[in-house]
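Coordinates from target29.txt are shown below (compact mmCIF, C-alpha atoms).
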```txt
# COMPACT_ATOMS: atom_id res chain seq x y z
CA MET X 1 299.90 -90.31 85.45
CA GLY X 2 297.20 -88.42 83.60
CA LEU X 3 299.18 -87.78 80.42
CA GLN X 4 300.42 -90.28 77.88
CA ILE X 5 302.80 -89.18 75.15
CA SER X 6 303.49 -91.22 72.02
CA ILE X 7 306.15 -90.06 69.60
CA ARG X 8 306.36 -90.77 65.88
CA GLU X 9 308.07 -89.15 62.95
CA SER X 10 307.11 -88.11 59.45
CA ASP X 11 310.21 -87.06 57.51
CA ASP X 12 311.76 -84.29 59.60
CA VAL X 13 308.61 -83.57 61.60
CA THR X 14 308.29 -85.09 65.06
CA ILE X 15 304.68 -85.79 66.03
CA LEU X 16 303.65 -86.09 69.66
CA ASP X 17 300.29 -87.73 70.27
CA LEU X 18 299.05 -86.48 73.61
CA ARG X 19 296.38 -88.40 75.51
CA GLY X 20 294.90 -87.29 78.83
CA ARG X 21 295.53 -83.93 80.39
CA ALA X 22 298.37 -81.41 80.40
CA THR X 23 297.92 -79.89 83.81
CA ILE X 24 299.98 -79.27 86.91
CA ASP X 25 298.13 -81.97 88.92
CA ALA X 26 300.43 -84.97 89.05
CA GLY X 27 303.30 -83.52 87.09
CA GLU X 28 301.76 -83.93 83.63
CA SER X 29 302.95 -80.52 82.42
CA GLU X 30 306.38 -81.26 83.83
CA LEU X 31 306.38 -84.55 81.93
CA LEU X 32 305.48 -82.78 78.69
CA ASP X 33 308.09 -80.09 79.31
CA GLY X 34 310.80 -82.70 79.87
CA GLN X 35 309.82 -84.59 76.74
CA LEU X 36 309.80 -81.48 74.57
CA GLN X 37 313.14 -80.33 75.94
CA ARG X 38 314.70 -83.72 75.26
CA LEU X 39 313.44 -83.72 71.68
CA VAL X 40 314.78 -80.22 71.03
CA ALA X 41 318.10 -81.08 72.68
CA ASN X 42 318.35 -84.09 70.37
CA GLY X 43 317.90 -81.93 67.31
CA ALA X 44 314.16 -81.91 66.64
CA ARG X 45 313.15 -78.58 65.12
CA LYS X 46 309.70 -79.25 63.70
CA LEU X 47 307.17 -80.43 66.25
CA LEU X 48 303.51 -81.21 65.71
CA LEU X 49 301.45 -81.71 68.85
CA ASN X 50 298.44 -83.90 68.17
CA LEU X 51 295.88 -82.67 70.70
CA THR X 52 292.99 -84.84 69.47
CA ASP X 53 292.89 -86.89 72.69
CA LEU X 54 294.03 -84.18 75.06
CA THR X 55 291.01 -83.67 77.32
CA ARG X 56 292.18 -80.82 79.50
CA VAL X 57 294.92 -78.22 79.62
CA ASP X 58 295.63 -75.54 82.19
CA SER X 59 297.99 -72.59 82.35
CA SER X 60 300.93 -74.82 83.19
CA GLY X 61 300.36 -76.99 80.11
CA ILE X 62 299.84 -73.96 77.89
CA SER X 63 303.01 -72.40 79.24
CA VAL X 64 305.01 -75.49 78.33
CA ILE X 65 303.62 -75.53 74.80
CA VAL X 66 304.23 -71.81 74.29
CA GLY X 67 307.71 -72.03 75.79
CA ALA X 68 308.64 -74.85 73.42
CA CYS X 69 307.24 -72.91 70.47
CA VAL X 70 309.24 -69.79 71.31
CA SER X 71 312.39 -71.82 71.88
CA LEU X 72 312.01 -73.64 68.56
CA ARG X 73 311.44 -70.44 66.62
CA HIS X 74 314.58 -68.95 68.14
CA GLN X 75 316.40 -71.96 66.69
CA GLY X 76 314.81 -71.75 63.26
CA GLY X 77 312.17 -74.39 63.94
CA ASP X 78 308.49 -74.30 64.74
CA LEU X 79 305.71 -75.94 66.72
CA ARG X 80 302.17 -76.46 65.46
CA VAL X 81 299.11 -78.11 66.91
CA LEU X 82 296.63 -80.58 65.48
CA ARG X 83 292.93 -80.77 66.32
CA PRO X 84 292.55 -79.04 69.67
CA SER X 85 288.93 -79.47 70.73
CA GLY X 86 286.52 -78.99 73.63
CA PRO X 87 288.01 -77.40 76.75
CA VAL X 88 291.49 -77.44 75.20
CA LEU X 89 290.35 -75.45 72.18
CA GLU X 90 288.52 -73.06 74.50
CA VAL X 91 291.76 -72.32 76.37
CA PHE X 92 293.65 -71.70 73.12
CA ARG X 93 290.79 -69.50 71.92
CA VAL X 94 290.38 -67.28 74.98
CA LEU X 95 294.13 -66.73 75.18
CA HIS X 96 294.23 -65.86 71.44
CA LEU X 97 296.95 -68.45 70.98
CA LEU X 98 295.47 -69.61 67.70
CA GLU X 99 296.71 -66.29 66.34
CA ALA X 100 300.28 -67.20 67.25
CA ILE X 101 300.48 -70.99 66.99
CA PRO X 102 299.22 -72.54 63.76
CA SER X 103 296.45 -75.06 64.29
CA PHE X 104 295.23 -77.67 61.82
CA ASP X 105 292.32 -80.08 61.59
CA ASP X 106 294.06 -82.37 59.13
CA GLU X 107 297.39 -84.09 59.83
CA ALA X 108 298.47 -84.19 56.19
CA ARG X 109 297.93 -80.45 55.86
CA ALA X 110 299.76 -79.83 59.12
CA LEU X 111 302.75 -81.83 57.89
CA ALA X 112 302.66 -80.08 54.51
CA SER X 113 302.71 -76.69 56.22
CA PHE X 114 306.18 -77.44 57.60
CA ARG X 115 307.45 -78.02 54.07
CA SER X 116 306.05 -74.78 52.66
CA ARG X 117 307.72 -72.30 54.95
CA GLY X 118 305.53 -69.36 55.77
CA GLN X 119 302.28 -71.16 55.08
CA ALA X 120 300.10 -70.97 58.10
CA ALA X 121 296.74 -72.29 59.15
CA SER X 122 295.40 -68.85 59.63
CA SER X 123 296.15 -65.79 57.57
CA SER X 124 295.97 -63.56 60.64
CA GLN X 125 298.70 -65.19 62.71
CA ARG X 126 300.93 -62.95 64.76
CA SER X 127 304.64 -63.45 65.16
CA LEU X 128 306.11 -64.51 68.48
CA MET S 1 292.96 -76.73 111.98
CA THR S 2 295.28 -79.65 112.58
CA SER S 3 298.71 -80.06 111.09
CA PRO S 4 299.41 -82.71 108.44
CA CYS S 5 299.54 -86.21 109.88
CA SER S 6 302.50 -88.52 109.58
CA SER S 7 303.01 -90.71 106.52
CA ALA S 8 303.95 -93.97 108.19
CA ALA S 9 304.29 -96.77 105.65
CA VAL S 10 301.55 -99.39 105.55
CA PRO S 11 302.65 -102.72 104.08
CA GLN S 12 299.40 -103.80 102.42
CA LYS S 13 296.76 -101.26 101.45
CA THR S 14 293.21 -102.46 101.06
CA ALA S 15 290.29 -100.93 99.24
CA LEU S 16 286.59 -101.66 99.33
CA VAL S 17 284.65 -101.00 96.15
CA VAL S 18 280.86 -100.99 96.05
CA ALA S 19 279.32 -102.25 92.81
CA SER S 20 278.58 -99.44 90.37
CA GLY S 21 278.28 -101.27 87.06
CA ARG S 22 280.75 -103.18 84.97
CA ASP S 23 282.66 -100.28 83.40
CA ILE S 24 283.32 -98.47 86.66
CA ASP S 25 284.07 -101.71 88.52
CA GLU S 26 286.63 -102.75 85.90
CA LEU S 27 288.21 -99.32 85.87
CA LEU S 28 288.62 -99.31 89.65
CA THR S 29 289.97 -102.85 89.66
CA THR S 30 292.60 -101.91 87.09
CA VAL S 31 293.68 -98.76 88.91
CA LEU S 32 293.86 -100.39 92.33
CA ALA S 33 295.55 -103.57 91.15
CA SER S 34 298.21 -101.60 89.27
CA ASP S 35 299.61 -100.40 92.57
CA GLY S 36 299.28 -103.71 94.37
CA TRP S 37 296.28 -102.85 96.49
CA SER S 38 294.15 -105.62 97.90
CA LEU S 39 290.58 -105.28 96.64
CA HIS S 40 287.35 -106.22 98.40
CA ARG S 41 283.87 -105.83 96.98
CA ALA S 42 280.50 -104.98 98.44
CA ASP S 43 277.11 -105.37 96.79
CA ASP S 44 275.78 -102.09 98.11
CA ASN S 45 276.65 -99.34 100.54
CA GLN S 46 274.96 -101.05 103.51
CA HIS S 47 277.09 -104.11 102.86
CA ALA S 48 280.11 -101.81 102.68
CA LEU S 49 279.23 -100.28 106.03
CA ALA S 50 279.00 -103.73 107.60
CA LEU S 51 282.38 -104.75 106.17
CA ALA S 52 284.00 -101.45 107.15
CA THR S 53 283.16 -101.95 110.80
CA THR S 54 285.28 -105.09 110.92
CA GLU S 55 288.02 -104.47 108.31
CA PRO S 56 290.49 -101.55 108.41
CA PHE S 57 290.15 -100.44 104.78
CA ASP S 58 292.33 -97.60 103.55
CA LEU S 59 289.97 -96.53 100.78
CA ILE S 60 286.28 -97.02 100.04
CA VAL S 61 284.54 -96.10 96.79
CA THR S 62 280.78 -96.05 97.22
CA GLY S 63 278.23 -97.31 94.71
CA ARG S 64 276.60 -94.76 92.48
CA LYS S 65 273.08 -96.13 92.92
CA MET S 66 272.71 -94.65 96.38
CA LEU S 67 271.08 -91.35 97.25
CA GLY S 68 273.51 -88.57 98.16
CA PRO S 69 272.29 -88.23 101.79
CA ASP S 70 272.71 -91.99 102.29
CA ASP S 71 276.31 -91.75 101.10
CA VAL S 72 277.00 -88.96 103.57
CA GLU S 73 275.45 -90.92 106.43
CA ILE S 74 277.59 -93.93 105.60
CA LEU S 75 280.63 -91.67 105.41
CA ARG S 76 279.83 -90.23 108.82
CA ARG S 77 279.40 -93.64 110.44
CA ILE S 78 282.50 -95.16 108.89
CA ARG S 79 284.74 -92.22 109.66
CA SER S 80 283.59 -92.06 113.25
CA ALA S 81 285.27 -95.44 113.62
CA ARG S 82 288.06 -95.06 111.02
CA ALA S 83 289.05 -91.42 111.06
CA HIS S 84 291.74 -91.62 108.38
CA LEU S 85 289.88 -93.77 105.90
CA ARG S 86 289.61 -92.21 102.44
CA LEU S 87 286.15 -92.38 100.94
CA ILE S 88 285.18 -91.38 97.43
CA ILE S 89 281.48 -90.96 96.83
CA LEU S 90 279.92 -91.89 93.51
CA THR S 91 276.28 -91.02 93.15
CA ASP S 92 273.51 -90.69 90.61
CA ARG S 93 271.16 -88.65 92.80
CA PHE S 94 272.24 -85.76 94.98
CA THR S 95 271.71 -82.15 95.95
CA PRO S 96 274.34 -79.39 96.26
CA GLY S 97 273.81 -79.68 100.02
CA ASP S 98 274.89 -83.32 99.87
CA VAL S 99 278.18 -82.26 98.29
CA VAL S 100 278.85 -79.71 101.03
CA SER S 101 277.89 -82.27 103.70
CA ALA S 102 280.28 -84.78 102.18
CA MET S 103 283.05 -82.18 102.22
CA ARG S 104 282.26 -81.26 105.81
CA GLU S 105 282.30 -84.92 106.89
CA GLY S 106 285.69 -85.48 105.29
CA ALA S 107 285.00 -87.28 102.02
CA PHE S 108 288.08 -87.52 99.87
CA SER S 109 286.11 -86.69 96.74
CA TYR S 110 282.63 -86.59 95.23
CA PHE S 111 281.56 -87.64 91.75
CA SER S 112 278.00 -87.02 90.65
CA ALA S 113 276.89 -88.71 87.45
CA PRO S 114 277.62 -88.25 84.67
CA PHE S 115 281.32 -88.06 85.39
CA ASP S 116 284.51 -88.60 83.42
CA ALA S 117 285.94 -92.08 84.10
CA ALA S 118 289.49 -90.80 83.53
CA GLU S 119 288.96 -88.08 86.16
CA LEU S 120 287.71 -90.74 88.59
CA ALA S 121 290.75 -92.89 87.89
CA GLU S 122 293.06 -89.93 88.58
CA MET S 123 291.25 -89.14 91.83
CA VAL S 124 291.52 -92.76 92.97
CA ARG S 125 295.25 -92.65 92.23
CA ALA S 126 295.51 -89.43 94.25
CA ALA S 127 293.66 -91.08 97.15
CA MET S 128 295.98 -94.09 96.94
CA ALA S 129 299.05 -91.85 96.96
CA ALA S 130 297.91 -89.45 99.66
CA PRO S 131 299.82 -90.08 102.88
CA CYS S 132 297.44 -87.78 104.72
CA TRP S 133 294.41 -85.91 103.57
CA ASP S 134 291.65 -85.49 106.05
CA ASP S 135 292.71 -82.13 107.35
CA GLY S 136 293.12 -80.78 103.84
CA ILE S 137 289.67 -79.22 103.49
CA GLU S 138 287.74 -77.74 106.36
CA VAL S 139 284.25 -76.34 105.91
CA LEU S 140 284.25 -73.19 108.04
CA SER S 141 280.63 -72.28 107.36
CA ALA S 142 277.96 -73.25 104.88
CA THR S 143 274.59 -72.00 103.77
CA PRO S 144 272.96 -72.83 100.43
CA ALA S 145 274.20 -69.50 99.10
CA TRP S 146 277.58 -69.14 100.77
CA VAL S 147 280.14 -71.82 101.52
CA ARG S 148 283.41 -70.91 103.19
CA VAL S 149 286.28 -73.40 103.40
CA ALA S 150 289.96 -73.53 104.28
CA ALA S 151 292.18 -75.65 102.05
CA ARG S 152 295.69 -76.94 102.62
CA CYS S 153 298.25 -75.62 100.15
CA ASP S 154 299.04 -78.59 97.93
CA THR S 155 297.94 -79.59 94.45
CA SER S 156 296.12 -82.72 95.61
CA THR S 157 293.91 -80.69 97.93
CA ALA S 158 293.31 -78.17 95.15
CA ASP S 159 292.19 -80.97 92.84
CA ARG S 160 289.86 -82.38 95.48
CA LEU S 161 288.28 -78.99 96.04
CA VAL S 162 287.79 -78.48 92.31
CA GLN S 163 286.15 -81.91 92.04
CA PHE S 164 283.75 -81.05 94.88
CA LEU S 165 282.79 -77.93 92.93
CA ARG S 166 282.24 -80.00 89.79
CA GLY S 167 280.21 -82.45 91.87
CA VAL S 168 277.62 -79.77 92.63
CA ARG S 169 276.67 -79.82 88.93
CA ASP S 170 275.03 -76.43 89.16
CA PRO S 171 274.18 -75.49 85.56
CA SER S 172 274.90 -71.86 86.40
CA ILE S 173 278.49 -72.76 87.27
CA PRO S 174 280.01 -73.50 83.88
CA GLU S 175 283.31 -75.28 83.42
CA GLY S 176 284.89 -71.92 82.63
CA ILE S 177 284.46 -70.52 86.12
CA ILE S 178 285.62 -73.80 87.63
CA SER S 179 288.78 -73.60 85.52
CA ALA S 180 289.25 -69.95 86.50
CA PHE S 181 288.82 -70.87 90.17
CA ARG S 182 291.37 -73.65 89.80
CA GLU S 183 293.90 -71.24 88.28
CA VAL S 184 293.60 -68.61 91.05
CA LEU S 185 293.54 -71.31 93.73
CA LEU S 186 296.80 -72.86 92.50
CA ASN S 187 298.24 -69.38 92.07
CA ALA S 188 297.37 -68.57 95.69
CA MET S 189 298.83 -71.85 96.93
CA GLU S 190 302.04 -71.45 94.93
CA TYR S 191 302.82 -67.76 95.20
CA GLY S 192 301.04 -67.06 98.49
CA ALA S 193 302.26 -70.14 100.33
CA HIS S 194 304.92 -71.83 98.16
CA PHE S 195 302.83 -75.02 98.32
CA ASP S 196 303.65 -75.26 102.01
CA PRO S 197 301.21 -77.91 103.34
CA SER S 198 301.22 -76.30 106.78
CA GLN S 199 299.60 -73.22 105.24
CA HIS S 200 295.98 -72.79 104.15
CA VAL S 201 294.07 -70.62 101.74
CA GLU S 202 290.57 -69.45 102.55
CA ILE S 203 287.88 -69.75 99.91
CA SER S 204 284.29 -68.55 99.69
CA PHE S 205 281.79 -69.70 97.08
CA ILE S 206 278.81 -67.38 96.79
CA ARG S 207 275.73 -68.20 94.76
CA ALA S 208 273.66 -65.06 94.22
CA ARG S 209 270.51 -64.79 92.12
CA ARG S 210 272.28 -63.24 89.15
CA ALA S 211 275.89 -64.19 89.67
CA VAL S 212 278.26 -66.71 91.14
CA ALA S 213 281.38 -65.48 92.87
CA CYS S 214 284.45 -67.01 94.39
CA ARG S 215 286.90 -65.35 96.73
CA VAL S 216 290.36 -66.78 97.42
CA LYS S 217 292.61 -65.39 100.15
CA ASP S 218 296.14 -66.64 100.53
CA PRO S 219 298.49 -66.29 103.53
CA GLY S 220 301.18 -64.44 101.57
CA GLN S 221 302.28 -60.83 101.56
CA GLY S 222 300.45 -60.05 98.35
CA PHE S 223 301.68 -58.38 95.19
CA SER S 224 300.93 -55.60 92.75
CA LEU S 225 299.29 -56.88 89.58
CA GLU S 226 300.74 -54.01 87.54
CA GLU S 227 304.29 -54.98 88.46
CA LEU S 228 304.04 -58.54 87.16
CA ARG S 229 306.06 -58.19 83.98
CA HIS S 230 306.48 -61.96 83.82
CA ALA S 231 302.71 -62.58 83.65
CA ALA S 232 300.76 -62.71 80.41
CA ILE S 233 298.00 -60.62 81.94
CA ASN S 234 300.20 -57.54 81.42
CA ASN S 235 301.23 -58.30 77.84
CA PRO S 236 300.44 -55.56 75.32
CA ALA S 237 297.60 -56.45 72.96
CA ASP S 238 299.94 -56.64 69.96
CA ASP S 239 302.47 -58.92 71.66
CA LEU S 240 300.75 -61.98 73.03
CA LEU S 241 303.84 -63.59 74.46
CA SER S 242 306.13 -60.79 75.60
CA HIS S 243 306.12 -62.15 79.15
CA VAL S 244 307.99 -65.23 77.93
CA ALA S 245 311.17 -63.17 77.43
CA ALA S 246 310.69 -61.52 80.82
CA ARG S 247 310.44 -64.93 82.46
CA GLU S 248 313.55 -66.17 80.65
CA ALA S 249 315.47 -63.07 81.79
CA GLN S 250 314.47 -63.78 85.40
CA GLY S 251 315.29 -67.46 85.10
CA LEU S 252 311.69 -68.48 85.74
CA ARG S 253 310.21 -71.73 84.46
CA PRO S 254 307.60 -71.58 81.68
CA GLY S 255 304.42 -70.05 83.05
CA GLY S 256 302.59 -66.80 83.48
CA PHE S 257 299.25 -67.62 81.83
CA GLY S 258 297.24 -68.40 84.97
CA LEU S 259 295.82 -64.99 85.78
CA LEU S 260 295.15 -64.13 82.15
CA LEU S 261 293.32 -67.41 81.64
CA ALA S 262 291.26 -66.86 84.79
CA LYS S 263 290.41 -63.31 83.74
CA LYS S 264 289.26 -64.45 80.31
CA LEU S 265 287.01 -67.16 81.74
CA VAL S 266 284.98 -64.96 84.10
CA ASP S 267 283.31 -61.56 83.90
CA GLU S 268 285.25 -59.91 86.71
CA LEU S 269 288.59 -60.62 88.34
CA ILE S 270 289.26 -58.21 91.20
CA TYR S 271 292.30 -58.11 93.48
CA SER S 272 292.43 -56.48 96.90
CA GLU S 273 294.86 -53.61 97.53
CA GLN S 274 297.33 -55.93 99.23
CA GLY S 275 297.04 -58.45 96.43
CA ASN S 276 296.55 -61.56 98.51
CA GLU S 277 292.80 -61.76 97.94
CA VAL S 278 291.08 -62.20 94.62
CA LEU S 279 287.42 -62.24 93.68
CA LEU S 280 286.02 -63.98 90.61
CA VAL S 281 282.54 -63.08 89.40
CA LYS S 282 280.50 -64.73 86.68
CA TYR S 283 277.14 -63.23 85.80
CA ILE S 284 274.43 -65.75 85.10
CA ASP S 285 271.71 -63.34 84.05
CA PRO S 286 272.39 -61.86 80.60
CA ILE S 287 270.44 -58.70 81.49
CA SER S 288 272.75 -57.92 84.37
CA GLN S 289 275.78 -58.19 82.09
CA VAL S 290 274.39 -55.42 79.93
CA ALA S 291 273.45 -53.21 82.87
```
Output the file's structure as structure tokens, nothing else.
Amino acid sequence: MGLQISIRESDDVTILDLRGRATIDAGESELLDGQLQRLVANGARKLLLNLTDLTRVDSSGISVIVGACVSLRHQGGDLRVLRPSGPVLEVFRVLHLLEAIPSFDDEARALASFRSRGQAASSSQRSL
Amino acid sequence: MTSPCSSAAVPQKTALVVASGRDIDELLTTVLASDGWSLHRADDNQHALALATTEPFDLIVTGRKMLGPDDVEILRRIRSARAHLRLIILTDRFTPGDVVSAMREGAFSYFSAPFDAAELAEMVRAAMAAPCWDDGIEVLSATPAWVRVAARCDTSTADRLVQFLRGVRDPSIPEGIISAFREVLLNAMEYGAHFDPSQHVEISFIRARRAVACRVKDPGQGFSLEELRHAAINNPADDLLSHVAAREAQGLRPGGFGLLLAKKLVDELIYSEQGNEVLLVKYIDPISQVA
């Protein structure tokens, strides 16, 4: 499997460290979707996706991330991303998703943003 | 084009790995051993050829120190005797023509250095898992400027085709157009053929002086781009994710970004009237983009 997911928690924020690729190839996006759905079903409302070691993402992976973000916001929660880079950042950039999903370079700042509701990584973010 | 072959179980799978340096050798050993494959080693590709004539290997990974044409010749000779053997070519020195030749001769995949070790590991796993593969990609015609292939409608074949394109390492084919190609290819396989492995999509890669282009034709009935309310490509500029609600209303799984992503990564994305053919164009001469 080309995607490894490690889960840890910091107060009420659930952090998912993603390693590998979130693509349709061998069911990686499906794996991520299932994991996110389980976390939300179990009550997680604040999710931080650490994309530092995510090497590739395609439309299926992006769709899973966006779907989870929309679902969480409908339930009063939120999803944010940490350190997208390389081809992954390029996908977020060309799709203008950085305007809708807060992105951070620093984990401490990302975690703090969940505590100060309304604070976002970018001042020009659009609502979902 | 032949139909997919049967997937009769084989009790003990064996692989032959040609020495490529410690890191690659260790990686391949780990991947193959994790699934219980028996592993044999060869010092070089000639040694591999000699072993392959006497042992019925299921998978061979060539050594990267060979020249591309030598790899293809070995592939041709081995597969003439072992038609269903999967062979992954690793090479340091090659030409785009070598990549096309490898595809035409039925290589499972092609990695030209430098390549991503994780991508190689994934391709080896795909080769190990593939019950049948050698009718997945058929080169219908090939010139240096225009390669036309038919590809079976499954994700593994799509990945192999994408890796062949990466293997060409043409600096005028940036990762963006490869990603765009991958998106429209998977879209064609899913929506045009429902990932039915008995169906094929037809693909042309065209390398012109000032542009690269890729045409994908699927066997489906086509669609109207304007009517795709569940696709992000039709979202209004001020609502980046309005298609998500449309998909939820229709009970569709998360998705809808493929066409938009492809469109953003190339200069032109053009659909035929019927909607079952799409053309991607990326200009490689800045002057022509202005014109």
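For the pair atom CA of Gly86 of chain X and atom CA of Leu279 of chain S, the separation is 26.1 Å.
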Quick one: contact table of chain S to chain X, 8 Å max, nearest atom pair and distance in Å to one decimal per residue, counting only C-alpha atoms, chain and number order, as CSV?
```
residue,atom,partner,partner_atom,distance
S:Ala118,CA,X:Gly20,CA,8.0
S:Glu122,CA,X:Gly2,CA,6.6
S:Thr155,CA,X:Asp25,CA,6.0
S:Ser156,CA,X:Asp25,CA,7.0
S:Asp159,CA,X:Asp25,CA,7.2
S:Ser179,CA,X:Asp58,CA,7.9
S:Glu183,CA,X:Ser59,CA,7.3
S:Asp239,CA,X:Leu128,CA,7.4
S:Leu240,CA,X:Leu128,CA,7.5
S:Leu241,CA,X:Leu128,CA,6.5
S:Val244,CA,X:Gly67,CA,7.1
S:Pro254,CA,X:Ser63,CA,5.3
S:Gly255,CA,X:Ser63,CA,4.7
S:Gly256,CA,X:Ser63,CA,7.0
S:Phe257,CA,X:Ser59,CA,5.2
S:Gly258,CA,X:Ser59,CA,5.0
S:Leu260,CA,X:Leu95,CA,7.5
S:Leu261,CA,X:Leu95,CA,6.5
S:Lys264,CA,X:Val94,CA,6.1
S:Leu265,CA,X:Val94,CA,7.6
```
Could you save the residues just selected, with C-alpha atoms, as a PDB file, in the coordinates of the input?
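The resulting file, out.pdb, is reproduced below:
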```pdb
ATOM      1  CA  ALA S 118     289.490 -90.800  83.530  1.00  0.00           C
ATOM      2  CA  GLU S 122     293.060 -89.930  88.580  1.00  0.00           C
ATOM      3  CA  THR S 155     297.940 -79.590  94.450  1.00  0.00           C
ATOM      4  CA  SER S 156     296.120 -82.720  95.610  1.00  0.00           C
ATOM      5  CA  ASP S 159     292.190 -80.970  92.840  1.00  0.00           C
ATOM      6  CA  SER S 179     288.780 -73.600  85.520  1.00  0.00           C
ATOM      7  CA  GLU S 183     293.900 -71.240  88.280  1.00  0.00           C
ATOM      8  CA  ASP S 239     302.470 -58.920  71.660  1.00  0.00           C
ATOM      9  CA  LEU S 240     300.750 -61.980  73.030  1.00  0.00           C
ATOM     10  CA  LEU S 241     303.840 -63.590  74.460  1.00  0.00           C
ATOM     11  CA  VAL S 244     307.990 -65.230  77.930  1.00  0.00           C
ATOM     12  CA  PRO S 254     307.600 -71.580  81.680  1.00  0.00           C
ATOM     13  CA  GLY S 255     304.420 -70.050  83.050  1.00  0.00           C
ATOM     14  CA  GLY S 256     302.590 -66.800  83.480  1.00  0.00           C
ATOM     15  CA  PHE S 257     299.250 -67.620  81.830  1.00  0.00           C
ATOM     16  CA  GLY S 258     297.240 -68.400  84.970  1.00  0.00           C
ATOM     17  CA  LEU S 260     295.150 -64.130  82.150  1.00  0.00           C
ATOM     18  CA  LEU S 261     293.320 -67.410  81.640  1.00  0.00           C
ATOM     19  CA  LYS S 264     289.260 -64.450  80.310  1.00  0.00           C
ATOM     20  CA  LEU S 265     287.010 -67.160  81.740  1.00  0.00           C
TER      21      LEU S 265
END
```
Open item on the list: Measuring between only C-alpha atoms, which one of X:Leu36, X:Asp11, X:Ala108, X:Ser85 shows the shortest distance to Leu72 of chain X?
Closed with: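 Of X:Leu36, X:Asp11, X:Ala108, X:Ser85, the one nearest Leu72 of chain X, counting only C-alpha atoms, is X:Leu36.
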Task: Residue contacts of Ile7 of chain X (8 Å, only C-alpha atoms) excluding same-chain residues fewer than 3 positions away, as a PyMOL selection string - done: chain X and resi 14-17
TODO: State, in Å with one decimal place, the distance from atom CA of Asn187 of chain S to atom CA of Leu252 of chain S.
DONE: 14.9 Å
Task: Top pick for closest residue to Thr62 of chain S, considering S:Ala19, S:Ile78, S:Leu259, S:Val31 and counting all atoms listed in the file - done: S:Ala19
Task: For Asp267 of chain S, the nearest of the candidates S:Val17, S:Ala213, S:Ala246, S:Ala117, counting all atoms listed in the file - done: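 Once distances to Asp267 of chain S are computed over all atoms listed in the file, the minimum belongs to S:Ala213.
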Open item on the list: Would you compute the distance between atom CA of Pro102 of chain X and atom CA of Val81 of chain X? Give it in Å to one decimal.
Closed with: 6.4 Å
- [ ] Choose the residue, out of S:Arg169, S:Lys282, S:Arg182, S:His194, that has the smallest atom-to-atom separation from Val212 of chain S; count all atoms listed in the file.
- [x] S:Lys282
TODO: Might you pull out every residue within 12 Å of Ala52 of chain S, with all atoms listed in the file counted and same-chain residues fewer than 6 positions away left off, and present them as number ranges by chain?
DONE: S: 14-18, 40-42, 45-46, 58-62, 74-75, 77-83, 85-87
Task: Long-range neighbours of Ser10 of chain X as a list of chain:residue names, 12 Å cut-off, all atoms listed in the file, 5 positions minimum in chain - done: X:Ile15, X:Leu16, X:Ala44, X:Lys46, X:Leu47, X:Leu48, X:Glu107, X:Ala108, X:Ala110, X:Leu111, X:Ala112, X:Phe114, X:Arg115
